[in-house]
Structure formats: structure tokens, C-alpha cells
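Shown below: query_18.cif, with mmCIF, C-alpha atoms.
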data_query
#
loop_
_atom_site.label_atom_id
_atom_site.label_comp_id
_atom_site.auth_asym_id
_atom_site.auth_seq_id
_atom_site.Cartn_x
_atom_site.Cartn_y
_atom_site.Cartn_z
CA MET Y 1 69.44 17.45 -7.38
CA SER Y 2 67.87 13.98 -7.25
CA VAL Y 3 64.34 12.58 -7.48
CA SER Y 4 62.73 9.18 -6.91
CA VAL Y 5 59.59 8.36 -8.88
CA GLU Y 6 57.53 5.20 -8.42
CA VAL Y 7 56.03 3.92 -11.67
CA TRP Y 8 53.83 0.94 -12.49
CA GLY Y 9 51.56 -0.46 -15.18
CA ASP Y 10 49.94 -3.51 -16.74
CA TYR Y 11 52.37 -4.03 -19.62
CA ALA Y 12 55.77 -2.85 -20.87
CA LEU Y 13 57.86 -3.33 -23.98
CA PHE Y 14 61.51 -2.26 -23.91
CA SER Y 15 62.54 -3.67 -27.29
CA ARG Y 16 65.86 -5.42 -27.76
CA PRO Y 17 67.54 -3.91 -30.85
CA GLU Y 18 69.03 -7.24 -31.92
CA MET Y 19 65.54 -8.68 -32.56
CA LYS Y 20 64.80 -7.57 -36.13
CA VAL Y 21 61.39 -9.11 -36.85
CA GLU Y 22 59.43 -9.72 -33.65
CA ARG Y 23 59.48 -7.43 -30.62
CA VAL Y 24 61.16 -8.92 -27.54
CA SER Y 25 61.46 -6.90 -24.36
CA TYR Y 26 64.46 -6.60 -22.09
CA ASP Y 27 63.90 -8.11 -18.65
CA VAL Y 28 63.65 -4.69 -17.00
CA MET Y 29 63.17 -1.06 -17.95
CA THR Y 30 66.09 0.46 -19.83
CA PRO Y 31 67.74 3.71 -18.68
CA SER Y 32 66.71 5.44 -21.91
CA ALA Y 33 63.07 4.47 -21.33
CA ALA Y 34 63.31 5.75 -17.75
CA ARG Y 35 64.76 9.05 -18.99
CA GLY Y 36 61.98 9.37 -21.55
CA LEU Y 37 59.36 8.76 -18.88
CA LEU Y 38 60.81 11.50 -16.66
CA GLU Y 39 60.94 13.90 -19.62
CA SER Y 40 57.26 13.25 -20.32
CA ILE Y 41 56.54 14.52 -16.80
CA TYR Y 42 58.91 17.50 -16.90
CA TRP Y 43 61.34 18.64 -19.56
CA HIS Y 44 63.19 21.93 -19.93
CA PRO Y 45 66.04 22.87 -22.30
CA GLY Y 46 68.05 24.09 -19.34
CA MET Y 47 68.29 20.63 -17.75
CA LYS Y 48 69.11 17.03 -18.72
CA TRP Y 49 67.94 13.96 -16.83
CA ARG Y 50 70.50 11.33 -15.74
CA VAL Y 51 69.15 7.99 -14.48
CA ASP Y 52 71.19 6.66 -11.54
CA ARG Y 53 69.41 3.39 -10.79
CA ILE Y 54 66.24 1.46 -11.50
CA ARG Y 55 64.68 -0.56 -8.69
CA VAL Y 56 62.61 -3.54 -9.81
CA CYS Y 57 59.72 -3.89 -7.37
CA ALA Y 58 57.74 -6.73 -8.97
CA PRO Y 59 58.66 -10.21 -10.23
CA ILE Y 60 59.79 -10.30 -13.87
CA ARG Y 61 56.93 -11.82 -15.87
CA PHE Y 62 56.61 -12.14 -19.67
CA THR Y 63 53.60 -12.72 -21.88
CA ASN Y 64 53.06 -12.98 -25.65
CA ILE Y 65 50.70 -10.68 -27.52
CA ARG Y 66 50.07 -9.58 -31.11
CA ARG Y 67 50.12 -5.88 -32.01
CA ASN Y 68 49.05 -3.94 -35.09
CA GLU Y 69 51.92 -1.79 -36.38
CA VAL Y 70 52.18 0.69 -39.23
CA LYS Y 71 55.00 -0.30 -41.57
CA ASP Y 72 54.92 2.73 -43.91
CA THR Y 73 55.78 6.38 -43.44
CA VAL Y 74 54.25 9.48 -44.97
CA SER Y 75 56.40 10.81 -47.80
CA ALA Y 76 58.14 14.16 -47.46
CA SER Y 77 56.52 15.42 -50.67
CA LYS Y 78 53.02 14.68 -49.34
CA ALA Y 79 53.84 16.40 -46.07
CA ARG Y 80 55.11 19.44 -47.97
CA THR Y 81 51.92 19.57 -50.05
CA VAL Y 82 49.73 19.49 -46.95
CA MET Y 83 51.81 22.27 -45.35
CA GLU Y 84 51.47 24.45 -48.44
CA LYS Y 85 47.88 23.74 -49.52
CA GLY Y 86 46.28 22.40 -46.35
CA GLY Y 87 44.49 19.13 -45.79
CA GLU Y 88 45.03 16.11 -43.56
CA LEU Y 89 48.15 14.02 -43.24
CA TYR Y 90 47.57 10.37 -42.34
CA LEU Y 91 47.91 6.74 -43.40
CA ALA Y 92 44.60 4.99 -43.92
CA THR Y 93 45.22 1.83 -45.88
CA SER Y 94 45.09 -1.76 -44.74
CA ASP Y 95 48.25 -2.38 -46.76
CA SER Y 96 50.17 -0.16 -44.31
CA ILE Y 97 49.18 -2.19 -41.26
CA GLN Y 98 50.85 -5.44 -40.26
CA GLN Y 99 50.37 -7.64 -37.24
CA ARG Y 100 53.49 -8.62 -35.32
CA ALA Y 101 54.06 -10.84 -32.32
CA ALA Y 102 55.69 -9.35 -29.25
CA MET Y 103 57.04 -10.75 -26.00
CA VAL Y 104 56.22 -8.10 -23.41
CA LEU Y 105 56.50 -7.66 -19.67
CA ARG Y 106 53.37 -7.66 -17.52
CA ASP Y 107 52.49 -6.19 -14.13
CA VAL Y 108 55.61 -4.00 -13.99
CA HIS Y 109 56.58 -1.86 -11.02
CA TYR Y 110 59.76 0.24 -10.69
CA VAL Y 111 61.30 3.08 -8.75
CA ILE Y 112 63.46 5.42 -10.85
CA ASP Y 113 66.26 7.22 -9.02
CA ALA Y 114 67.62 10.08 -11.12
CA HIS Y 115 69.22 13.49 -11.01
CA PHE Y 116 69.55 16.29 -13.54
CA ASP Y 117 72.41 18.43 -14.78
CA MET Y 118 72.09 22.03 -15.86
CA THR Y 119 72.80 22.70 -19.54
CA VAL Y 120 74.17 25.69 -21.44
CA ARG Y 121 70.61 26.47 -22.55
CA ALA Y 122 69.56 27.39 -19.01
CA SER Y 123 68.65 31.05 -18.58
CA ALA Y 124 69.91 33.40 -15.89
CA THR Y 125 66.79 32.78 -13.79
CA ASP Y 126 67.06 28.98 -13.95
CA ASN Y 127 68.59 27.06 -11.06
CA PRO Y 128 68.55 23.45 -9.73
CA GLY Y 129 66.24 24.28 -6.82
CA LYS Y 130 63.65 25.76 -9.15
CA PHE Y 131 63.65 22.71 -11.45
CA GLN Y 132 63.47 20.27 -8.55
CA ASP Y 133 60.49 22.07 -7.01
CA ILE Y 134 58.66 22.07 -10.35
CA MET Y 135 59.32 18.35 -10.85
CA ARG Y 136 58.20 17.55 -7.31
CA ARG Y 137 54.91 19.43 -7.75
CA ARG Y 138 54.20 17.83 -11.12
CA VAL Y 139 54.78 14.31 -9.79
CA GLU Y 140 52.60 14.95 -6.73
CA LYS Y 141 49.77 16.33 -8.88
CA GLY Y 142 50.08 13.68 -11.59
CA GLN Y 143 50.84 16.28 -14.28
CA PHE Y 144 52.63 15.47 -17.54
CA TYR Y 145 53.24 16.89 -21.02
CA HIS Y 146 52.27 13.65 -22.74
CA GLN Y 147 51.16 10.31 -21.30
CA PRO Y 148 54.16 8.53 -19.72
CA CYS Y 149 54.53 5.04 -21.12
CA PHE Y 150 56.54 1.85 -20.82
CA GLY Y 151 58.34 1.63 -24.14
CA VAL Y 152 55.35 2.10 -26.46
CA ARG Y 153 52.41 4.49 -26.27
CA GLU Y 154 49.75 1.80 -25.84
CA PHE Y 155 51.32 0.77 -22.50
CA PRO Y 156 50.69 3.78 -20.22
CA ALA Y 157 52.61 4.26 -16.98
CA HIS Y 158 51.16 5.44 -13.68
CA PHE Y 159 53.44 7.41 -11.38
CA ARG Y 160 53.70 9.00 -7.94
CA PRO Y 161 56.41 10.21 -5.57
CA CYS Y 162 58.35 7.38 -3.95
CA ILE Y 163 57.74 7.88 -0.24
CA GLU Y 164 58.80 4.41 0.90
CA LEU Y 165 60.77 1.88 -1.14
CA PRO Y 166 58.76 -1.28 -1.93
CA LEU Y 167 60.26 -4.56 -0.77
CA CYS Y 168 62.44 -6.47 -3.22
CA PRO Y 169 60.65 -9.58 -4.56
CA GLU Y 170 62.10 -12.76 -3.09
CA GLU Y 171 63.01 -14.19 -6.52
CA LEU Y 172 65.10 -11.13 -7.37
CA LYS Y 173 67.34 -11.33 -4.34
CA GLY Y 174 70.97 -12.03 -5.14
CA GLU Y 175 72.76 -11.20 -8.38
CA LYS Y 176 71.34 -11.67 -11.88
CA ASP Y 177 73.26 -10.96 -15.10
CA LEU Y 178 70.85 -9.48 -17.67
CA GLY Y 179 73.47 -9.25 -20.43
CA TRP Y 180 74.21 -6.20 -22.55
CA MET Y 181 71.50 -3.53 -22.33
CA LEU Y 182 70.96 -0.28 -24.20
CA LEU Y 183 72.03 2.65 -22.03
CA ASP Y 184 71.08 5.51 -24.33
CA LEU Y 185 71.85 7.16 -27.64
CA ASP Y 186 74.97 9.31 -27.81
CA TYR Y 187 74.19 12.61 -29.59
CA SER Y 188 77.62 14.17 -29.10
CA ASP Y 189 78.27 13.72 -32.84
CA LYS Y 190 75.11 14.93 -34.61
CA GLU Y 191 76.21 13.30 -37.86
CA ASN Y 192 76.77 9.90 -36.26
CA ILE Y 193 74.31 9.17 -33.45
CA THR Y 194 75.61 6.08 -31.65
CA PRO Y 195 73.79 3.63 -29.34
CA ARG Y 196 75.78 2.82 -26.21
CA PHE Y 197 75.43 -0.35 -24.13
CA PHE Y 198 76.40 -1.53 -20.66
CA ARG Y 199 76.50 -4.85 -18.84
CA ALA Y 200 73.29 -4.90 -16.81
CA ILE Y 201 73.68 -6.60 -13.43
CA LEU Y 202 70.62 -6.79 -11.19
CA LYS Y 203 71.62 -6.94 -7.51
CA ASP Y 204 68.78 -7.53 -5.05
CA GLY Y 205 66.40 -6.00 -7.56
CA VAL Y 206 68.51 -2.88 -8.16
CA LEU Y 207 70.02 -1.99 -11.55
CA GLU Y 208 72.84 0.54 -11.18
CA VAL Y 209 73.23 2.73 -14.26
CA PRO Y 210 76.77 3.83 -15.20
CA PRO Y 211 77.56 7.30 -16.59
CA MET Y 212 77.42 7.56 -20.38
CA TYR Y 213 81.18 7.83 -20.90
CA SER Y 214 82.43 5.49 -18.18
CA GLU Y 215 84.77 2.60 -18.94
CA GLU Y 216 82.09 -0.09 -18.65
CA VAL Y 217 79.97 1.46 -21.42
CA ARG Y 218 80.49 0.26 -25.00
CA ALA Y 219 79.30 1.60 -28.36
#

Mind turning this structure into C-alpha cells?
Amino acid sequence: MSVSVEVWGDYALFSRPEMKVERVSYDVMTPSAARGLLESIYWHPGMKWRVDRIRVCAPIRFTNIRRNEVKDTVSASKARTVMEKGGELYLATSDSIQQRAAMVLRDVHYVIDAHFDMTVRASATDNPGKFQDIMRRRVEKGQFYHQPCFGVREFPAHFRPCIELPLCPEELKGEKDLGWMLLDLDYSDKENITPRFFRAILKDGVLEVPPMYSEEVRA
């Protein structure tokens, strides 16, 4: 069962993992980010989203910004104390906040083509038709579990059903090699979660996404 969802927004940040200090976005949305966006609209343990392709419907434009980020984490002992005795759990110190530069995308617009597979956690009453109808209704009504976003929560994503494919921008026509891109995280070995990458080729604005365990995907 397949779906096509049109998404757009003012900014996006799909961070390259090789950039250790400053945030630098990939040129286009990553498959893992697309999957996460679909899951924010509809997720169920009996299904798993698989992104087939990402259509880039706007010119690729970058801009530089500065963002406040929290560098610390709450300790496990403090969390345990709050769970046992009550209270609030938060970070509220200026020492925990740092400002970092980021190269982000602006005025982004994509169409996500995806399908879902049934999982072993599906119940006897679950079926592909049921899940597809629920997803279709949620997209049409603009419903979601948490705000869909483009990479980070402060960059919200708008969405709607894709009724008609937008035209490919003139500058994206032809073939463009985007280099190695994160496909997704491989959770098949729970003790050793592995990122997997693929060679991203943009053809006339369309990024075809290979299956997780195909020959062109590398760990």
C-alpha cells in the first residue's frame, strides 16, 4: 500500500553526521527524516514505513543561522529521584546552553512517496487497507501525533495529500550526484545499531531510495 504526501516549510536541517562541530544540512531531505515525518502523522506497531522516493519540488537554497542548543543531559540519578519523590525535571542554567552556527535549507518543498509493510506486531484485525484508510484521513484532515518537522523541532513541516505532482525546478533537471547520504539506522542487531548509507543521485529532481539491505547500501 503506497501513499504520496506533499510537505513544505520555511527551513530544514538534515544534519550531515561527518560534521562534528557545526550543523550542516544535506542538500535534500534524507529517507530517515521522511520516515520520521510520516510516523509523526500516523504510526502503529503493526506497520513500518518504507520511503520509496523523495521528489524535490523547489530549488535547493542554503542559508546560515545561529541556534541555541542544550549541551548537557539530565542525570539518571536525578531522573530517578524525581520519579520516586516527585518534582520537576529540567535544565535551567545558562552554562548548559551554547550557540552554534548551522547551514540550513530554506523554502523547502518535497513529495514523499512511501509504502508500508505489515509487522509481526499487527493484530488479527489489522490489515493494509485499514492502515491506508487511516493514513489517508489523517493527511486530509491535517492530523498528527506530534508536530511534523524538517530535521529539528523548531522547523515545522506543513503537509497535505499530493493530488498533482509539482513541476521539477529547471535547475534540478538532469542528474546531480549528492554523495553518500544517510539512509537509516539498522536496528536488526539491538546491541549494535548501525547507520547505513547510499549514494544519493538526484535525477530530474527525484531521489530514488534503495531498500535497506540492497547491494548499493553500505554501513

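Among the candidates Y:His115, Y:Leu182, Y:Arg138, Y:Pro59, the one nearest to Thr194 of chain Y when counting all atoms listed in the file is Y:Leu182.
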
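Among the candidate residues Y:Gly46, Y:Val104, Y:Glu140, Y:Ala12, the one lying nearest to Arg121 of chain Y is Y:Gly46, with distances computed using only C-alpha atoms.
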
Mind dumping a table of every segment 37-84 of chain Y residue within 9 Å of segment 122-133 of chain Y, with the nearest atom pair and its distance in Å to one decimal, using only C-alpha atoms, sorted by chain and rising number, as a tab-separated table?
residue	atom	partner	partner_atom	distance
Y:Tyr42	CA	Y:Phe131	CA	8.9
Y:His44	CA	Y:Ala122	CA	8.4
Y:Pro45	CA	Y:Ala122	CA	6.6
Y:Gly46	CA	Y:Ala122	CA	3.6
Y:Met47	CA	Y:Ala122	CA	7.0

Give, as AutoDock Vina command-line options, the centre coordinates and the x, y and z edge lengths in Å to one decimal for an axis-aligned box around all listed atoms of segment 162-170 of chain Y, padded by 3 Å on each side.
--center_x 60.1 --center_y -2.4 --center_z -1.8 --size_x 10.7 --size_y 26.6 --size_z 11.5

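Checking Y:Ala157, Y:Ala219, Y:Ala33, Y:Leu185 one by one against Phe144 of chain Y, counting only C-alpha atoms, you find the shortest gap at Y:Ala157.
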
* Give the answer as one residue: which of Y:Ser188, Y:Ser2, Y:Ser40, Y:Thr63 has the shortest atom-to-atom distance to Asp27 of chain Y, using all atoms listed in the file? =>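 That would be Y:Thr63, the residue with the smallest distance to Asp27 of chain Y.
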
* Hey, what comes out of the PyMOL selection byres ((chain Y and resi 210-214) around 9) on this file? Could you write it as a ChimeraX atom specification? -> /Y:50-53,183-184,186,196-198,208-209,215-218

Write to file, as a short mmCIF file (atom, residue, chain, number, x, y, z; two decimals), keeping the file's coordinate frame, the residues of the selection just made, with C-alpha atoms.
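Output saved as selection_14.cif:
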data_model
loop_
_atom_site.label_atom_id
_atom_site.label_comp_id
_atom_site.auth_asym_id
_atom_site.auth_seq_id
_atom_site.Cartn_x
_atom_site.Cartn_y
_atom_site.Cartn_z
CA ARG Y 50 70.50 11.33 -15.74
CA VAL Y 51 69.15 7.99 -14.48
CA ASP Y 52 71.19 6.66 -11.54
CA ARG Y 53 69.41 3.39 -10.79
CA LEU Y 183 72.03 2.65 -22.03
CA ASP Y 184 71.08 5.51 -24.33
CA ASP Y 186 74.97 9.31 -27.81
CA ARG Y 196 75.78 2.82 -26.21
CA PHE Y 197 75.43 -0.35 -24.13
CA PHE Y 198 76.40 -1.53 -20.66
CA GLU Y 208 72.84 0.54 -11.18
CA VAL Y 209 73.23 2.73 -14.26
CA GLU Y 215 84.77 2.60 -18.94
CA GLU Y 216 82.09 -0.09 -18.65
CA VAL Y 217 79.97 1.46 -21.42
CA ARG Y 218 80.49 0.26 -25.00
#

If the PyMOL selection byres ((chain Y and resi 172-177) around 9) is run on the structure shown, which residues does it catch, given as a compact mmCIF listing (two decimals) with C-alpha atoms, keeping the file's coordinate frame?
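File out_11.txt, as written:
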# COMPACT_ATOMS: atom_id res chain seq x y z
CA VAL Y 56 62.61 -3.54 -9.81
CA ALA Y 58 57.74 -6.73 -8.97
CA PRO Y 59 58.66 -10.21 -10.23
CA ILE Y 60 59.79 -10.30 -13.87
CA CYS Y 168 62.44 -6.47 -3.22
CA PRO Y 169 60.65 -9.58 -4.56
CA GLU Y 170 62.10 -12.76 -3.09
CA GLU Y 171 63.01 -14.19 -6.52
CA LEU Y 178 70.85 -9.48 -17.67
CA GLY Y 179 73.47 -9.25 -20.43
CA TRP Y 180 74.21 -6.20 -22.55
CA ARG Y 199 76.50 -4.85 -18.84
CA ALA Y 200 73.29 -4.90 -16.81
CA ILE Y 201 73.68 -6.60 -13.43
CA LEU Y 202 70.62 -6.79 -11.19
CA LYS Y 203 71.62 -6.94 -7.51
CA ASP Y 204 68.78 -7.53 -5.05
CA GLY Y 205 66.40 -6.00 -7.56
CA VAL Y 206 68.51 -2.88 -8.16

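Here atom CA of Gln98 of chain Y stands at a distance of 26.4 Å from atom CA of Arg80 of chain Y.
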
Take segment 42-61 of chain Y from the block and save it with N, CA, C and O atoms, as a PDB file, in the first residue's frame.
ATOM      1  N   TYR Y  42       1.149   9.266  11.301  1.00  0.00           N
ATOM      2  CA  TYR Y  42       0.496   8.020  11.699  1.00  0.00           C
ATOM      3  C   TYR Y  42       1.530   6.929  11.923  1.00  0.00           C
ATOM      4  O   TYR Y  42       2.313   6.613  11.033  1.00  0.00           O
ATOM      5  N   TRP Y  43       1.496   6.394  13.138  1.00  0.00           N
ATOM      6  CA  TRP Y  43       2.370   5.273  13.493  1.00  0.00           C
ATOM      7  C   TRP Y  43       1.540   4.203  14.176  1.00  0.00           C
ATOM      8  O   TRP Y  43       0.590   4.507  14.926  1.00  0.00           O
ATOM      9  N   HIS Y  44       1.893   2.951  13.913  1.00  0.00           N
ATOM     10  CA  HIS Y  44       1.220   1.821  14.552  1.00  0.00           C
ATOM     11  C   HIS Y  44       2.243   0.695  14.645  1.00  0.00           C
ATOM     12  O   HIS Y  44       3.027   0.497  13.708  1.00  0.00           O
ATOM     13  N   PRO Y  45       2.275  -0.049  15.750  1.00  0.00           N
ATOM     14  CA  PRO Y  45       3.266  -1.133  15.861  1.00  0.00           C
ATOM     15  C   PRO Y  45       3.098  -2.233  14.819  1.00  0.00           C
ATOM     16  O   PRO Y  45       4.033  -2.984  14.566  1.00  0.00           O
ATOM     17  N   GLY Y  46       1.923  -2.291  14.217  1.00  0.00           N
ATOM     18  CA  GLY Y  46       1.681  -3.337  13.226  1.00  0.00           C
ATOM     19  C   GLY Y  46       2.131  -2.985  11.821  1.00  0.00           C
ATOM     20  O   GLY Y  46       1.912  -3.767  10.884  1.00  0.00           O
ATOM     21  N   MET Y  47       2.785  -1.821  11.652  1.00  0.00           N
ATOM     22  CA  MET Y  47       3.226  -1.412  10.320  1.00  0.00           C
ATOM     23  C   MET Y  47       4.582  -0.730  10.411  1.00  0.00           C
ATOM     24  O   MET Y  47       4.982  -0.251  11.474  1.00  0.00           O
ATOM     25  N   LYS Y  48       5.302  -0.687   9.297  1.00  0.00           N
ATOM     26  CA  LYS Y  48       6.590   0.008   9.234  1.00  0.00           C
ATOM     27  C   LYS Y  48       6.684   0.743   7.901  1.00  0.00           C
ATOM     28  O   LYS Y  48       6.514   0.142   6.835  1.00  0.00           O
ATOM     29  N   TRP Y  49       6.957   2.030   7.970  1.00  0.00           N
ATOM     30  CA  TRP Y  49       7.048   2.848   6.765  1.00  0.00           C
ATOM     31  C   TRP Y  49       8.347   2.577   6.005  1.00  0.00           C
ATOM     32  O   TRP Y  49       9.409   2.439   6.610  1.00  0.00           O
ATOM     33  N   ARG Y  50       8.251   2.524   4.664  1.00  0.00           N
ATOM     34  CA  ARG Y  50       9.403   2.394   3.780  1.00  0.00           C
ATOM     35  C   ARG Y  50       9.323   3.514   2.739  1.00  0.00           C
ATOM     36  O   ARG Y  50       8.367   3.575   1.967  1.00  0.00           O
ATOM     37  N   VAL Y  51      10.296   4.400   2.735  1.00  0.00           N
ATOM     38  CA  VAL Y  51      10.308   5.516   1.775  1.00  0.00           C
ATOM     39  C   VAL Y  51      10.845   5.021   0.440  1.00  0.00           C
ATOM     40  O   VAL Y  51      11.930   4.438   0.371  1.00  0.00           O
ATOM     41  N   ASP Y  52      10.093   5.247  -0.629  1.00  0.00           N
ATOM     42  CA  ASP Y  52      10.478   4.793  -1.968  1.00  0.00           C
ATOM     43  C   ASP Y  52      11.240   5.866  -2.746  1.00  0.00           C
ATOM     44  O   ASP Y  52      12.222   5.568  -3.421  1.00  0.00           O
ATOM     45  N   ARG Y  53      10.767   7.097  -2.655  1.00  0.00           N
ATOM     46  CA  ARG Y  53      11.440   8.198  -3.359  1.00  0.00           C
ATOM     47  C   ARG Y  53      11.057   9.520  -2.719  1.00  0.00           C
ATOM     48  O   ARG Y  53      10.010   9.633  -2.067  1.00  0.00           O
ATOM     49  N   ILE Y  54      11.923  10.488  -2.932  1.00  0.00           N
ATOM     50  CA  ILE Y  54      11.670  11.851  -2.462  1.00  0.00           C
ATOM     51  C   ILE Y  54      11.783  12.770  -3.669  1.00  0.00           C
ATOM     52  O   ILE Y  54      12.815  12.798  -4.342  1.00  0.00           O
ATOM     53  N   ARG Y  55      10.730  13.493  -3.947  1.00  0.00           N
ATOM     54  CA  ARG Y  55      10.709  14.425  -5.075  1.00  0.00           C
ATOM     55  C   ARG Y  55      10.995  15.834  -4.569  1.00  0.00           C
ATOM     56  O   ARG Y  55      10.281  16.334  -3.689  1.00  0.00           O
ATOM     57  N   VAL Y  56      12.015  16.453  -5.111  1.00  0.00           N
ATOM     58  CA  VAL Y  56      12.400  17.807  -4.702  1.00  0.00           C
ATOM     59  C   VAL Y  56      11.660  18.791  -5.600  1.00  0.00           C
ATOM     60  O   VAL Y  56      11.872  18.812  -6.817  1.00  0.00           O
ATOM     61  N   CYS Y  57      10.794  19.598  -5.019  1.00  0.00           N
ATOM     62  CA  CYS Y  57       9.900  20.453  -5.794  1.00  0.00           C
ATOM     63  C   CYS Y  57      10.254  21.936  -5.723  1.00  0.00           C
ATOM     64  O   CYS Y  57       9.496  22.773  -6.221  1.00  0.00           O
ATOM     65  N   ALA Y  58      11.375  22.260  -5.095  1.00  0.00           N
ATOM     66  CA  ALA Y  58      11.814  23.652  -5.002  1.00  0.00           C
ATOM     67  C   ALA Y  58      13.324  23.701  -5.179  1.00  0.00           C
ATOM     68  O   ALA Y  58      14.025  22.730  -4.859  1.00  0.00           O
ATOM     69  N   PRO Y  59      13.854  24.792  -5.694  1.00  0.00           N
ATOM     70  CA  PRO Y  59      15.310  24.917  -5.831  1.00  0.00           C
ATOM     71  C   PRO Y  59      16.007  24.722  -4.495  1.00  0.00           C
ATOM     72  O   PRO Y  59      15.468  25.074  -3.438  1.00  0.00           O
ATOM     73  N   ILE Y  60      17.207  24.148  -4.522  1.00  0.00           N
ATOM     74  CA  ILE Y  60      17.977  23.898  -3.298  1.00  0.00           C
ATOM     75  C   ILE Y  60      18.675  25.191  -2.894  1.00  0.00           C
ATOM     76  O   ILE Y  60      19.553  25.682  -3.608  1.00  0.00           O
ATOM     77  N   ARG Y  61      18.276  25.746  -1.755  1.00  0.00           N
ATOM     78  CA  ARG Y  61      18.819  27.013  -1.275  1.00  0.00           C
ATOM     79  C   ARG Y  61      19.295  26.846   0.173  1.00  0.00           C
ATOM     80  O   ARG Y  61      18.581  26.297   1.003  1.00  0.00           O
TER      81      ARG Y  61
END
